[in-house]
Each structure stands twice: as structure tokens, then as C-alpha cells.
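Okay, entry.json is below, JSON, C-alpha atoms:
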```json
[["chain", "number", "residue", "atom", "x", "y", "z"],
["A", 1, "ALA", "CA", -49.52, 26.41, -20.33],
["A", 2, "ALA", "CA", -48.64, 24.27, -17.30],
["A", 3, "PHE", "CA", -48.70, 27.36, -15.09],
["A", 4, "PHE", "CA", -52.23, 28.38, -16.09],
["A", 5, "LEU", "CA", -53.54, 24.82, -15.99],
["A", 6, "MET", "CA", -52.20, 24.38, -12.46],
["A", 7, "SER", "CA", -53.66, 27.67, -11.27],
["A", 8, "SER", "CA", -57.02, 26.73, -12.82],
["A", 9, "SER", "CA", -56.89, 23.34, -11.11],
["A", 10, "MET", "CA", -56.44, 25.11, -7.77],
["A", 11, "GLY", "CA", -59.35, 27.49, -8.39],
["A", 12, "GLY", "CA", -57.51, 30.37, -10.04],
["A", 13, "LEU", "CA", -54.68, 32.67, -8.99],
["A", 14, "GLU", "CA", -56.60, 34.33, -6.15],
["A", 15, "GLU", "CA", -57.90, 31.06, -4.73],
["A", 16, "ALA", "CA", -54.45, 29.45, -4.94],
["A", 17, "ALA", "CA", -52.93, 32.39, -3.06],
["A", 18, "GLN", "CA", -55.66, 32.22, -0.43],
["A", 19, "LYS", "CA", -54.94, 28.54, 0.18],
["A", 20, "VAL", "CA", -51.27, 29.35, 0.74],
["A", 21, "ILE", "CA", -52.20, 32.13, 3.18],
["A", 22, "GLU", "CA", -54.26, 29.66, 5.20],
["A", 23, "VAL", "CA", -51.37, 27.21, 5.47],
["A", 24, "LYS", "CA", -48.36, 29.58, 5.60],
["A", 25, "PRO", "CA", -49.52, 33.17, 6.22],
["A", 26, "LYS", "CA", -45.95, 34.38, 6.78],
["A", 27, "HIS", "CA", -45.21, 33.79, 3.08],
["A", 28, "PHE", "CA", -47.25, 36.93, 2.39],
["A", 29, "GLN", "CA", -45.91, 39.04, 5.25],
["A", 30, "LEU", "CA", -42.67, 40.90, 4.60],
["A", 31, "GLY", "CA", -40.79, 41.37, 7.84],
["A", 32, "SER", "CA", -42.29, 38.33, 9.55],
["A", 33, "GLY", "CA", -38.86, 37.06, 10.60],
["A", 34, "GLY", "CA", -36.09, 34.90, 9.19],
["A", 35, "LEU", "CA", -35.78, 34.95, 5.41],
["A", 36, "PHE", "CA", -38.76, 37.30, 5.15],
["A", 37, "GLU", "CA", -36.94, 40.21, 6.77],
["A", 38, "PRO", "CA", -36.10, 43.03, 4.30],
["A", 39, "SER", "CA", -32.37, 42.49, 4.85],
["A", 40, "ALA", "CA", -32.66, 38.80, 3.94],
["A", 41, "TRP", "CA", -34.82, 39.62, 0.92],
["A", 42, "ALA", "CA", -32.20, 42.14, -0.21],
["A", 43, "SER", "CA", -29.51, 39.47, 0.16],
["A", 44, "TYR", "CA", -31.53, 37.03, -1.95],
["A", 45, "GLY", "CA", -32.04, 39.67, -4.63],
["A", 46, "LEU", "CA", -28.34, 40.44, -4.62],
["A", 47, "ALA", "CA", -27.40, 36.79, -4.99],
["A", 48, "ILE", "CA", -29.85, 35.98, -7.79],
["A", 49, "SER", "CA", -29.10, 39.14, -9.79],
["A", 50, "LEU", "CA", -25.30, 38.89, -9.60],
["A", 51, "THR", "CA", -24.71, 35.15, -9.71],
["A", 52, "VAL", "CA", -25.56, 34.96, -13.42],
["A", 53, "ILE", "CA", -22.52, 37.11, -14.19],
["A", 54, "ALA", "CA", -20.22, 34.42, -12.82],
["A", 55, "PHE", "CA", -21.93, 31.35, -14.28],
["A", 56, "PRO", "CA", -19.09, 29.84, -16.32],
["A", 57, "HIS", "CA", -21.24, 29.00, -19.34],
["A", 58, "MET", "CA", -22.93, 32.42, -19.33],
["A", 59, "PHE", "CA", -19.63, 34.25, -18.94],
["A", 60, "VAL", "CA", -18.10, 32.39, -21.88],
["A", 61, "ARG", "CA", -21.13, 33.14, -24.05],
["A", 62, "LEU", "CA", -20.84, 36.84, -23.29],
["A", 63, "MET", "CA", -17.11, 36.81, -23.99],
["A", 64, "ALA", "CA", -17.83, 35.11, -27.34],
["A", 65, "ALA", "CA", -20.32, 37.75, -28.50],
["A", 66, "LYS", "CA", -19.79, 38.75, -32.14],
["A", 67, "SER", "CA", -20.12, 42.47, -31.45],
["A", 68, "ASP", "CA", -20.90, 45.12, -28.84],
["A", 69, "ALA", "CA", -24.45, 45.31, -30.19],
["A", 70, "ALA", "CA", -25.01, 41.57, -29.69],
["A", 71, "LEU", "CA", -23.59, 41.75, -26.17],
["A", 72, "LYS", "CA", -25.75, 44.70, -25.20],
["A", 73, "GLY", "CA", -28.82, 43.12, -26.78],
["A", 74, "ALA", "CA", -28.42, 39.92, -24.77],
["A", 75, "SER", "CA", -27.84, 41.92, -21.59],
["A", 76, "ARG", "CA", -31.05, 43.89, -22.14],
["A", 77, "ILE", "CA", -33.17, 40.84, -22.90],
["A", 78, "TYR", "CA", -31.92, 38.62, -20.09],
["A", 79, "PRO", "CA", -33.48, 40.43, -17.05],
["A", 80, "PRO", "CA", -37.10, 40.37, -18.33],
["A", 81, "ALA", "CA", -36.58, 36.86, -19.71],
["A", 82, "LEU", "CA", -35.34, 35.74, -16.29],
["A", 83, "ILE", "CA", -38.47, 37.10, -14.62],
["A", 84, "ALA", "CA", -40.73, 35.51, -17.23],
["A", 85, "LEU", "CA", -39.09, 32.11, -16.74],
["A", 86, "TRP", "CA", -38.68, 32.16, -12.98],
["A", 87, "LEU", "CA", -41.96, 33.68, -11.83],
["A", 88, "PRO", "CA", -44.20, 30.78, -12.95],
["A", 89, "ALA", "CA", -41.79, 28.21, -11.47],
["A", 90, "VAL", "CA", -41.61, 30.07, -8.15],
["A", 91, "LEU", "CA", -45.38, 30.46, -7.94],
["A", 92, "ILE", "CA", -45.88, 26.74, -8.64],
["A", 93, "GLY", "CA", -43.54, 26.01, -5.75],
["A", 94, "VAL", "CA", -45.43, 28.43, -3.49],
["A", 95, "TRP", "CA", -48.77, 26.82, -4.39],
["A", 96, "GLY", "CA", -47.22, 23.49, -3.47],
["A", 97, "VAL", "CA", -47.03, 24.71, 0.14],
["A", 98, "ALA", "CA", -50.83, 24.57, 0.27],
["A", 99, "ALA", "CA", -51.28, 21.52, -1.96],
["A", 100, "PHE", "CA", -48.71, 19.39, -0.09],
["A", 101, "PRO", "CA", -48.09, 20.92, 3.35],
["A", 102, "GLY", "CA", -45.36, 19.60, 5.60],
["A", 103, "LEU", "CA", -42.66, 18.97, 3.01],
["A", 104, "GLU", "CA", -39.33, 19.95, 4.56],
["A", 105, "GLY", "CA", -35.68, 19.62, 3.57],
["A", 106, "LYS", "CA", -34.94, 17.09, 0.84],
["A", 107, "ALA", "CA", -38.60, 16.05, 0.73],
["A", 108, "SER", "CA", -39.41, 19.46, -0.78],
["A", 109, "ASP", "CA", -37.47, 18.45, -3.91],
["A", 110, "LYS", "CA", -40.53, 16.42, -4.93],
["A", 111, "ILE", "CA", -42.81, 19.46, -5.02],
["A", 112, "PHE", "CA", -42.75, 20.05, -8.78],
["A", 113, "SER", "CA", -43.30, 16.41, -9.69],
["A", 114, "LEU", "CA", -46.16, 16.24, -7.16],
["A", 115, "MET", "CA", -47.77, 19.39, -8.57],
["A", 116, "VAL", "CA", -47.41, 18.09, -12.13],
["A", 117, "SER", "CA", -48.85, 14.66, -11.37],
["A", 118, "ASN", "CA", -51.80, 16.03, -9.36],
["A", 119, "HIS", "CA", -52.74, 19.18, -11.29],
["A", 120, "LEU", "CA", -52.00, 18.41, -14.94],
["A", 121, "PRO", "CA", -53.44, 15.86, -17.38],
["A", 122, "PRO", "CA", -51.16, 12.79, -17.66],
["A", 123, "ALA", "CA", -49.86, 13.66, -21.13],
["A", 124, "LEU", "CA", -49.01, 17.25, -20.22],
["A", 125, "GLY", "CA", -47.60, 16.10, -16.90],
["A", 126, "VAL", "CA", -45.00, 13.96, -18.67],
["A", 127, "VAL", "CA", -44.10, 16.83, -21.01],
["A", 128, "GLY", "CA", -43.78, 19.26, -18.10],
["A", 129, "PHE", "CA", -41.55, 16.92, -16.13],
["A", 130, "LEU", "CA", -39.32, 16.27, -19.16],
["A", 131, "ALA", "CA", -39.06, 20.01, -19.77],
["A", 132, "VAL", "CA", -37.74, 20.54, -16.25],
["A", 133, "LEU", "CA", -35.21, 17.72, -16.65],
["A", 134, "ALA", "CA", -34.10, 19.16, -19.99],
["A", 135, "ALA", "CA", -33.57, 22.61, -18.47],
["A", 136, "VAL", "CA", -31.57, 21.19, -15.57],
["A", 137, "MET", "CA", -29.45, 18.98, -17.81],
["A", 138, "SER", "CA", -28.81, 21.86, -20.21],
["A", 139, "THR", "CA", -27.40, 24.04, -17.43],
["A", 140, "LEU", "CA", -25.48, 21.17, -15.82],
["A", 141, "ASP", "CA", -23.90, 20.04, -19.09],
["A", 142, "ALA", "CA", -22.98, 23.60, -20.06],
["A", 143, "GLN", "CA", -21.26, 24.28, -16.74],
["A", 144, "LEU", "CA", -19.32, 21.01, -16.73],
["A", 145, "LEU", "CA", -18.18, 21.42, -20.35],
["A", 146, "THR", "CA", -17.18, 25.05, -19.83],
["A", 147, "LEU", "CA", -15.19, 24.28, -16.70],
["A", 148, "SER", "CA", -13.42, 21.36, -18.38],
["A", 149, "SER", "CA", -12.61, 23.62, -21.34],
["A", 150, "MET", "CA", -11.14, 26.23, -18.99],
["A", 151, "LEU", "CA", -9.00, 23.55, -17.37],
["A", 152, "VAL", "CA", -7.48, 22.14, -20.55],
["A", 153, "ARG", "CA", -7.07, 25.51, -22.31],
["A", 154, "ASP", "CA", -5.82, 27.71, -19.49],
["A", 155, "CYS", "CA", -4.19, 25.33, -16.99],
["A", 156, "LEU", "CA", -3.00, 22.05, -18.49],
["A", 157, "LYS", "CA", -2.20, 23.14, -22.06],
["A", 158, "SER", "CA", -1.45, 19.64, -23.33],
["A", 159, "ASP", "CA", 0.41, 18.92, -26.55],
["A", 160, "THR", "CA", -2.39, 17.27, -28.55],
["A", 161, "PRO", "CA", -6.16, 17.75, -28.95],
["A", 162, "LYS", "CA", -6.58, 14.07, -28.05],
["A", 163, "HIS", "CA", -5.12, 14.72, -24.60],
["A", 164, "ASP", "CA", -7.32, 17.80, -24.22],
["A", 165, "VAL", "CA", -10.42, 15.69, -24.80],
["A", 166, "ARG", "CA", -9.23, 12.98, -22.41],
["A", 167, "TYR", "CA", -8.39, 15.41, -19.61],
["A", 168, "GLY", "CA", -11.66, 17.27, -20.13],
["A", 169, "ARG", "CA", -13.69, 14.07, -19.84],
["A", 170, "ILE", "CA", -11.85, 12.94, -16.71],
["A", 171, "PHE", "CA", -12.28, 16.34, -15.08],
["A", 172, "SER", "CA", -16.01, 16.45, -15.91],
["A", 173, "VAL", "CA", -16.63, 13.01, -14.40],
["A", 174, "VAL", "CA", -14.59, 13.73, -11.27],
["A", 175, "LEU", "CA", -16.28, 17.09, -10.74],
["A", 176, "ALA", "CA", -19.77, 15.63, -11.21],
["A", 177, "VAL", "CA", -19.06, 12.82, -8.73],
["A", 178, "LEU", "CA", -17.62, 15.24, -6.16],
["A", 179, "VAL", "CA", -20.64, 17.55, -6.42],
["A", 180, "TYR", "CA", -23.01, 14.59, -6.06],
["A", 181, "LEU", "CA", -21.17, 13.30, -2.98],
["A", 182, "LEU", "CA", -21.11, 16.78, -1.46],
["A", 183, "ALA", "CA", -24.86, 17.11, -1.96],
["A", 184, "GLN", "CA", -25.38, 13.75, -0.24],
["A", 185, "VAL", "CA", -23.15, 14.69, 2.69],
["A", 186, "LEU", "CA", -24.84, 18.05, 3.20],
["A", 187, "GLY", "CA", -28.25, 16.38, 3.27],
["A", 188, "LYS", "CA", -29.97, 19.51, 2.00],
["A", 189, "SER", "CA", -32.63, 20.05, -0.65],
["A", 190, "VAL", "CA", -31.70, 20.83, -4.23],
["A", 191, "PHE", "CA", -32.81, 24.43, -3.68],
["A", 192, "GLU", "CA", -30.56, 24.81, -0.63],
["A", 193, "VAL", "CA", -27.55, 23.28, -2.38],
["A", 194, "ALA", "CA", -28.16, 25.44, -5.46],
["A", 195, "PHE", "CA", -28.39, 28.59, -3.36],
["A", 196, "ILE", "CA", -25.08, 27.79, -1.67],
["A", 197, "ALA", "CA", -23.55, 27.42, -5.14],
["A", 198, "PHE", "CA", -25.18, 30.63, -6.40],
["A", 199, "CYS", "CA", -23.78, 32.58, -3.46],
["A", 200, "GLY", "CA", -20.36, 31.09, -4.14],
["A", 201, "TYR", "CA", -20.55, 32.45, -7.67],
["A", 202, "VAL", "CA", -21.35, 35.90, -6.30],
["A", 203, "THR", "CA", -17.97, 35.98, -4.53],
["A", 204, "LEU", "CA", -16.34, 35.79, -7.99],
["A", 205, "VAL", "CA", -18.18, 38.83, -9.33],
["A", 206, "PRO", "CA", -15.74, 41.50, -8.00],
["A", 207, "THR", "CA", -12.85, 39.74, -9.74],
["A", 208, "LEU", "CA", -14.73, 39.34, -13.01],
["A", 209, "PHE", "CA", -16.07, 42.90, -13.03],
["A", 210, "LEU", "CA", -12.88, 44.68, -11.98],
["A", 211, "GLY", "CA", -10.85, 42.47, -14.28],
["A", 212, "VAL", "CA", -12.55, 43.96, -17.33],
["A", 213, "ARG", "CA", -13.23, 47.47, -16.02],
["A", 214, "TRP", "CA", -10.26, 48.58, -13.89],
["A", 215, "LYS", "CA", -6.75, 48.81, -15.31],
["A", 216, "ARG", "CA", -5.18, 48.95, -11.85],
["A", 217, "PHE", "CA", -6.63, 45.57, -10.89],
["A", 218, "THR", "CA", -3.94, 42.96, -10.13],
["A", 219, "VAL", "CA", -3.51, 39.25, -9.50],
["A", 220, "THR", "CA", -3.01, 39.97, -5.80],
["A", 221, "GLY", "CA", -6.34, 41.77, -5.68],
["A", 222, "ALA", "CA", -8.07, 38.90, -7.48],
["A", 223, "VAL", "CA", -6.66, 36.22, -5.17],
["A", 224, "ALA", "CA", -7.41, 38.27, -2.06],
["A", 225, "SER", "CA", -10.98, 38.90, -3.21],
["A", 226, "ILE", "CA", -11.75, 35.25, -3.96],
["A", 227, "VAL", "CA", -10.06, 33.81, -0.87],
["A", 228, "LEU", "CA", -11.34, 36.34, 1.67],
["A", 229, "GLY", "CA", -14.81, 36.55, 0.11],
["A", 230, "ASN", "CA", -15.27, 32.78, 0.26],
["A", 231, "THR", "CA", -13.77, 32.62, 3.75],
["A", 232, "VAL", "CA", -16.31, 35.12, 5.05],
["A", 233, "TYR", "CA", -19.10, 33.32, 3.21],
["A", 234, "PHE", "CA", -18.38, 29.91, 4.71],
["A", 235, "MET", "CA", -17.75, 31.39, 8.15],
["A", 236, "GLY", "CA", -21.16, 33.01, 7.89],
["A", 237, "LEU", "CA", -22.75, 29.72, 6.88],
["A", 238, "ALA", "CA", -21.13, 28.04, 9.88],
["A", 239, "GLY", "CA", -22.55, 30.71, 12.20],
["A", 240, "TRP", "CA", -19.15, 32.02, 13.23],
["A", 241, "LEU", "CA", -19.88, 35.63, 12.25],
["A", 242, "PRO", "CA", -22.66, 38.05, 13.24],
["A", 243, "LEU", "CA", -24.82, 38.68, 10.15],
["A", 244, "PHE", "CA", -27.16, 41.41, 11.49],
["A", 245, "GLY", "CA", -30.12, 40.01, 9.58],
["A", 246, "PHE", "CA", -28.36, 39.70, 6.22],
["A", 247, "LEU", "CA", -27.39, 36.45, 4.54],
["A", 248, "PRO", "CA", -23.69, 35.45, 4.45],
["A", 249, "VAL", "CA", -23.44, 36.28, 0.74],
["A", 250, "PHE", "CA", -24.01, 39.98, 1.48],
["A", 251, "TRP", "CA", -20.97, 40.26, 3.74],
["A", 252, "ALA", "CA", -18.93, 38.01, 1.45],
["A", 253, "LEU", "CA", -19.52, 40.40, -1.45],
["A", 254, "ILE", "CA", -18.60, 43.45, 0.65],
["A", 255, "VAL", "CA", -15.38, 41.81, 1.82],
["A", 256, "GLY", "CA", -14.62, 40.58, -1.70],
["A", 257, "ILE", "CA", -14.91, 44.09, -3.15],
["A", 258, "ALA", "CA", -12.79, 45.61, -0.38],
["A", 259, "ALA", "CA", -10.12, 42.92, -0.70],
["A", 260, "ALA", "CA", -9.98, 43.35, -4.48],
["A", 261, "VAL", "CA", -9.47, 47.11, -4.24],
["A", 262, "LEU", "CA", -7.05, 47.10, -1.31],
["A", 263, "GLY", "CA", -5.06, 44.13, -2.63],
["A", 264, "SER", "CA", -4.66, 45.80, -6.02],
["A", 265, "LEU", "CA", -3.60, 49.15, -4.57],
["A", 266, "TRP", "CA", -1.14, 47.44, -2.22],
["A", 267, "SER", "CA", 0.54, 45.43, -4.97],
["A", 268, "ALA", "CA", 2.50, 46.57, -8.00],
["A", 269, "PRO", "CA", 0.51, 47.43, -11.14],
["A", 270, "ALA", "CA", 0.09, 44.79, -13.81],
["A", 271, "ASP", "CA", 2.51, 44.65, -16.72],
["A", 272, "ALA", "CA", 1.92, 47.59, -19.05],
["A", 273, "GLU", "CA", 1.95, 45.41, -22.17],
["A", 274, "LEU", "CA", -0.61, 43.03, -20.67],
["A", 275, "THR", "CA", -2.82, 45.95, -19.65],
["A", 276, "LEU", "CA", -2.64, 47.39, -23.16],
["A", 277, "GLN", "CA", -3.53, 44.00, -24.63],
["A", 278, "ALA", "CA", -6.57, 43.68, -22.35],
["A", 279, "PHE", "CA", -7.92, 47.23, -22.47],
["A", 280, "GLY", "CA", -6.47, 48.70, -25.65],
["A", 281, "ALA", "CA", -5.12, 52.19, -26.06],
["A", 282, "ASP", "CA", -6.94, 55.11, -24.44]]
```
Output the file's structure as C-alpha cells, nothing else.
Amino acid sequence: AAFFLMSSSMGGLEEAAQKVIEVKPKHFQLGSGGLFEPSAWASYGLAISLTVIAFPHMFVRLMAAKSDAALKGASRIYPPALIALWLPAVLIGVWGVAAFPGLEGKASDKIFSLMVSNHLPPALGVVGFLAVLAAVMSTLDAQLLTLSSMLVRDCLKSDTPKHDVRYGRIFSVVLAVLVYLLAQVLGKSVFEVAFIAFCGYVTLVPTLFLGVRWKRFTVTGAVASIVLGNTVYFMGLAGWLPLFGFLPVFWALIVGIAAAVLGSLWSAPADAELTLQAFGAD
């Protein structure tokens, strides 16, 4: 409803697009340089499509599926649902380029609240803003809780549930504070910080995928993939590597896949009993 009300307030979909063209014509010209080059677009598509696989809360939900049918059903529904949810939000942001030109960096974080307050009735504006906050908090809470659960279940393995809860709470608070401080130090917009995080998740995809699909995959391959993939990614962000028009995440994924395969083939196979437990009998 908010999407259609905003487009109507701006004169309709065609008029809204025309206003954006007048302010930022390059937004409608593929190959106009920078992030609008096909190679950069391909990198963005790669990051957005693969990062979901490595979201901790999404990964745990898939692992907890009741059956193969439930898992396959969720996997089929998610891509069209993602488009249906993201497309209106992206278009609202694009229209904001024309409605509030000149917003750069962290100032662009205000774009949705500005669009809501200026193009929706007050009552709906409040509901729309609360909906966005709810969506953000839902994802943030789920990731923090999942990561804290991984810590206490797989790493610390304390003696009592009481200690598990305590360690999980401490870890969640420390992680949240560290992420907040990092965002402040970077001085980037929420979108830019989120994209850095999304690309970081992509570097975990080779390990997650090969870990459940390839019996020859080893710990050495996993460590090599994560370490080298992230090294290449951050070197690319720092401008220390030639990117040839692609974003750093593209090369990080390539290196991560290569390191996973070569590291696994170079090291001894995993324990046969462990492999049987993970993959079952042929």
C-alpha cells in the first residue's frame, strides 16, 4: 500500500521514473560507468543471491526443516518472495533520488523516513516506519541469537544451561557493541555497511555448500577458503588488487572456491566414520 501511495503522490510510476531520469540519468543507463557497468551489476547479483545462504539465522532454519519437502518448498518460494519484498523498497529509494537530491553517504540513510513523511498520510507514515524498524530488528535479533547459540553449543559447551544463557547474553551484547562501533568508525551509510557484511557472508558459501555436498571436503579446505577468500575481499576493498571492473566479492568467491578445492585435495580425507555420519551410506 505504501508503495502505490508513494508512486501516486509522485504522479505515478512513469512520472516518478521521469523525475529520476532528470536528476540522475545514469541510473537508467547500463554501462554508464562505476557500479552501472555489467561486471559490477553481475557482482551485485552474485552477492545478493548467494549471501542469503550464509545468513546464520536462515542457515539454521534450513537445517531445522522437518522434511525434504519442506526444505524444497521454502527454497522455491524464497526467490520470488525476495523480489516481491525488495523491489518496492528499492524503487522507493530510487524515487528518493529525485524527491531529495544531494543526499550522500550517511545522509542517505534518511531517505525512507523522508519519503514516508512527505508522501504518505501521517497515520500510514507511522505504520510504514514502524514496519521497517520491525523488519530490521527481526533480522538483527535473529542473527545475534543464532550466533550466540552457535557459540555456546559448538564452542564453549558449558556444564549448565544457566551458564549457556549467561555466555550467550554476554556474547550478544559484545557483538552488537562491536558492530555499532565499527559502523561509526567506517563512517559509511547503512546500505554500504550492510553490503560489506553481505559480501563477507558470500565468502562463507563455498565452505557451507561443499560441506554438505562433497565428501572429500576437509577442515583444511574450509579454513583455506574462509581465510583466503576474506583476505582477497578486504584487499580488494582497500584497493590493493586490480578488480577489472568487478567488485571485490567476485574475486573473493573465486579464490574461496579454488582454496576450498585445492586445500581439500592437498590434505588427508576426513575421518570415514564422520563422513558416513554426515552423508550416510551410498
Original post:
A:Tyr201, A:Phe3, A:Trp95, A:Phe244: which is nearest Glu22 in chain A, counting all atoms listed in the file?
Top reply: A:Trp95
**OP:** Skip range 247-264 of chain A itself and residues of its chain fewer than 4 positions away, then list as number ranges by chain all residues within 9 Å of it, counting all atoms listed in the file.
**Re:** A: 35, 39-44, 46-47, 196, 199-200, 202-207, 210, 216-237, 241, 243, 268-269
**OP:** Kindly extract all protein, DNA and RNA residues lying within 9 Å of the coordinates (-42.2, 12.1, -12.6) given in the file, considering only C-alpha atoms, and supply them as a PyMOL selection string.
**Re:** chain A and resi 110+112-114+116-117+125-126+129-130
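Going from CA of Ala123 in chain A to CA of Ala84 in chain A covers 24.0 Å.
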Sort by chain and increasing residue number a table of all residues of range 88-194 of chain A within 12 Å of range 26-29 of chain A, each with its closest pair of atoms and their distance in Å to one decimal, counting all atoms listed in the file, and write it as CSV.
```
residue,atom,partner,partner_atom,distance
A:Leu91,CA,A:His27,CA,11.5
A:Gly93,CA,A:His27,CA,11.9
A:Val94,CA,A:His27,CA,8.5
A:Trp95,CA,A:His27,CA,10.8
A:Val97,CA,A:His27,CA,9.7
A:Ala98,CA,A:His27,CA,11.2
```
Original post:
Using all atoms listed in the file, which of A:Met6, A:Arg61, A:Lys157, A:Leu144 sits nearest Val177 in chain A?
Top reply: A:Leu144
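For the pair CA of Ala194 in chain A and CA of Arg169 in chain A, the interatomic distance is 23.4 Å.
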Original post:
Do you know which residues are at most 8 Å from Ile111 in chain A counting all atoms listed in the file, after dropping those on the same chain fewer than 3 positions away, and could you put them as a list in words?
Top reply: Gly93, Gly96, Phe100, Ala107, Ser108, Leu114 and Met115 of chain A
Subject >> Shell of 8 Å around Val190 in chain A, all atoms listed in the file, local chain residues under 3 positions omitted, as a PyMOL selection string >> reply: chain A and resi 106+109+193-194
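Counting all atoms listed in the file, Gly280 in chain A has the following residues at most 12 Å away, ignoring those fewer than 6 positions along the same chain: Val212, Arg213, Lys215, Ala272, Glu273 and Leu274 of chain A.
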Original post:
In Å, with one decimal, what is the gap from CA of Val179 in chain A to CA of Trp86 in chain A?
Top reply: 24.1 Å
Original post:
From the list A:Ala134, A:Met150, A:Ala176, A:Ala270, which residue is nearest Trp214 in chain A when using all atoms listed in the file?
Top reply: A:Ala270
Edge lengths and centre, in Å to one decimal, as lines of an AutoDock Vina configuration file: that's what I need for the box along x, y and z that holds all listed atoms of range 263-281 of chain A plus 8 Å on each side.
```
center_x = -2.7
center_y = 47.6
center_z = -14.1
size_x = 26.4
size_y = 25.2
size_z = 39.8
```
Any chance you could tabulate, as a Markdown table, the residues of range 169-226 of chain A at most 12 Å from range 151-155 of chain A with each one's nearest atom pair and distance in Å to one decimal, using all atoms listed in the file, in chain and rising number order?
```
| residue | atom | partner | partner_atom | distance |
| --- | --- | --- | --- | --- |
| A:Arg169 | CA | A:Val152 | CA | 10.2 |
| A:Ile170 | CA | A:Val152 | CA | 10.9 |
| A:Phe171 | CA | A:Leu151 | CA | 8.2 |
| A:Ser172 | CA | A:Leu151 | CA | 10.1 |
| A:Leu175 | CA | A:Leu151 | CA | 11.8 |
```
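For the residues A:Leu50, A:Val90, A:Ala2, A:Leu265, ranking by smallest atom-to-atom distance to Leu124 in chain A using all atoms listed in the file places A:Ala2 first.
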N, CA and C atoms restored at range 155-174 of chain A, emitted as a PDB file, in the frame of the given file:
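Output saved as out_25.pdb:
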```pdb
ATOM      1  N   CYS A 155      -5.038  25.886 -18.059  1.00  0.00           N
ATOM      2  CA  CYS A 155      -4.190  25.330 -16.990  1.00  0.00           C
ATOM      3  C   CYS A 155      -3.263  24.225 -17.492  1.00  0.00           C
ATOM      4  N   LEU A 156      -3.819  23.201 -18.113  1.00  0.00           N
ATOM      5  CA  LEU A 156      -3.000  22.050 -18.490  1.00  0.00           C
ATOM      6  C   LEU A 156      -2.193  22.293 -19.764  1.00  0.00           C
ATOM      7  N   LYS A 157      -2.859  22.833 -20.787  1.00  0.00           N
ATOM      8  CA  LYS A 157      -2.200  23.140 -22.060  1.00  0.00           C
ATOM      9  C   LYS A 157      -1.397  21.936 -22.573  1.00  0.00           C
ATOM     10  N   SER A 158      -2.098  20.855 -22.842  1.00  0.00           N
ATOM     11  CA  SER A 158      -1.450  19.640 -23.330  1.00  0.00           C
ATOM     12  C   SER A 158      -0.983  19.804 -24.774  1.00  0.00           C
ATOM     13  N   ASP A 159      -0.207  18.824 -25.228  1.00  0.00           N
ATOM     14  CA  ASP A 159       0.410  18.920 -26.550  1.00  0.00           C
ATOM     15  C   ASP A 159      -0.541  18.594 -27.698  1.00  0.00           C
ATOM     16  N   THR A 160      -1.524  17.735 -27.461  1.00  0.00           N
ATOM     17  CA  THR A 160      -2.390  17.270 -28.550  1.00  0.00           C
ATOM     18  C   THR A 160      -3.859  17.448 -28.188  1.00  0.00           C
ATOM     19  N   PRO A 161      -4.709  17.660 -29.203  1.00  0.00           N
ATOM     20  CA  PRO A 161      -6.160  17.750 -28.950  1.00  0.00           C
ATOM     21  C   PRO A 161      -6.712  16.485 -28.305  1.00  0.00           C
ATOM     22  N   LYS A 162      -6.116  15.332 -28.632  1.00  0.00           N
ATOM     23  CA  LYS A 162      -6.580  14.070 -28.050  1.00  0.00           C
ATOM     24  C   LYS A 162      -6.434  14.088 -26.528  1.00  0.00           C
ATOM     25  N   HIS A 163      -5.323  14.614 -26.045  1.00  0.00           N
ATOM     26  CA  HIS A 163      -5.120  14.720 -24.600  1.00  0.00           C
ATOM     27  C   HIS A 163      -6.075  15.734 -23.991  1.00  0.00           C
ATOM     28  N   ASP A 164      -6.358  16.808 -24.710  1.00  0.00           N
ATOM     29  CA  ASP A 164      -7.320  17.800 -24.220  1.00  0.00           C
ATOM     30  C   ASP A 164      -8.678  17.147 -23.963  1.00  0.00           C
ATOM     31  N   VAL A 165      -9.126  16.360 -24.930  1.00  0.00           N
ATOM     32  CA  VAL A 165     -10.420  15.690 -24.800  1.00  0.00           C
ATOM     33  C   VAL A 165     -10.407  14.719 -23.618  1.00  0.00           C
ATOM     34  N   ARG A 166      -9.325  13.961 -23.493  1.00  0.00           N
ATOM     35  CA  ARG A 166      -9.230  12.980 -22.410  1.00  0.00           C
ATOM     36  C   ARG A 166      -9.254  13.668 -21.047  1.00  0.00           C
ATOM     37  N   TYR A 167      -8.436  14.708 -20.885  1.00  0.00           N
ATOM     38  CA  TYR A 167      -8.390  15.410 -19.610  1.00  0.00           C
ATOM     39  C   TYR A 167      -9.724  16.081 -19.299  1.00  0.00           C
ATOM     40  N   GLY A 168     -10.355  16.635 -20.329  1.00  0.00           N
ATOM     41  CA  GLY A 168     -11.660  17.270 -20.130  1.00  0.00           C
ATOM     42  C   GLY A 168     -12.711  16.291 -19.658  1.00  0.00           C
ATOM     43  N   ARG A 169     -12.718  15.104 -20.236  1.00  0.00           N
ATOM     44  CA  ARG A 169     -13.690  14.070 -19.840  1.00  0.00           C
ATOM     45  C   ARG A 169     -13.447  13.618 -18.398  1.00  0.00           C
ATOM     46  N   ILE A 170     -12.178  13.380 -18.073  1.00  0.00           N
ATOM     47  CA  ILE A 170     -11.850  12.940 -16.710  1.00  0.00           C
ATOM     48  C   ILE A 170     -12.263  13.998 -15.695  1.00  0.00           C
ATOM     49  N   PHE A 171     -11.942  15.245 -15.994  1.00  0.00           N
ATOM     50  CA  PHE A 171     -12.280  16.340 -15.080  1.00  0.00           C
ATOM     51  C   PHE A 171     -13.791  16.456 -14.899  1.00  0.00           C
ATOM     52  N   SER A 172     -14.550  16.337 -15.986  1.00  0.00           N
ATOM     53  CA  SER A 172     -16.010  16.450 -15.910  1.00  0.00           C
ATOM     54  C   SER A 172     -16.601  15.362 -15.024  1.00  0.00           C
ATOM     55  N   VAL A 173     -16.123  14.126 -15.205  1.00  0.00           N
ATOM     56  CA  VAL A 173     -16.630  13.010 -14.400  1.00  0.00           C
ATOM     57  C   VAL A 173     -16.277  13.192 -12.933  1.00  0.00           C
ATOM     58  N   VAL A 174     -15.026  13.548 -12.658  1.00  0.00           N
ATOM     59  CA  VAL A 174     -14.590  13.730 -11.270  1.00  0.00           C
ATOM     60  C   VAL A 174     -15.373  14.851 -10.599  1.00  0.00           C
TER      61      VAL A 174
END
```
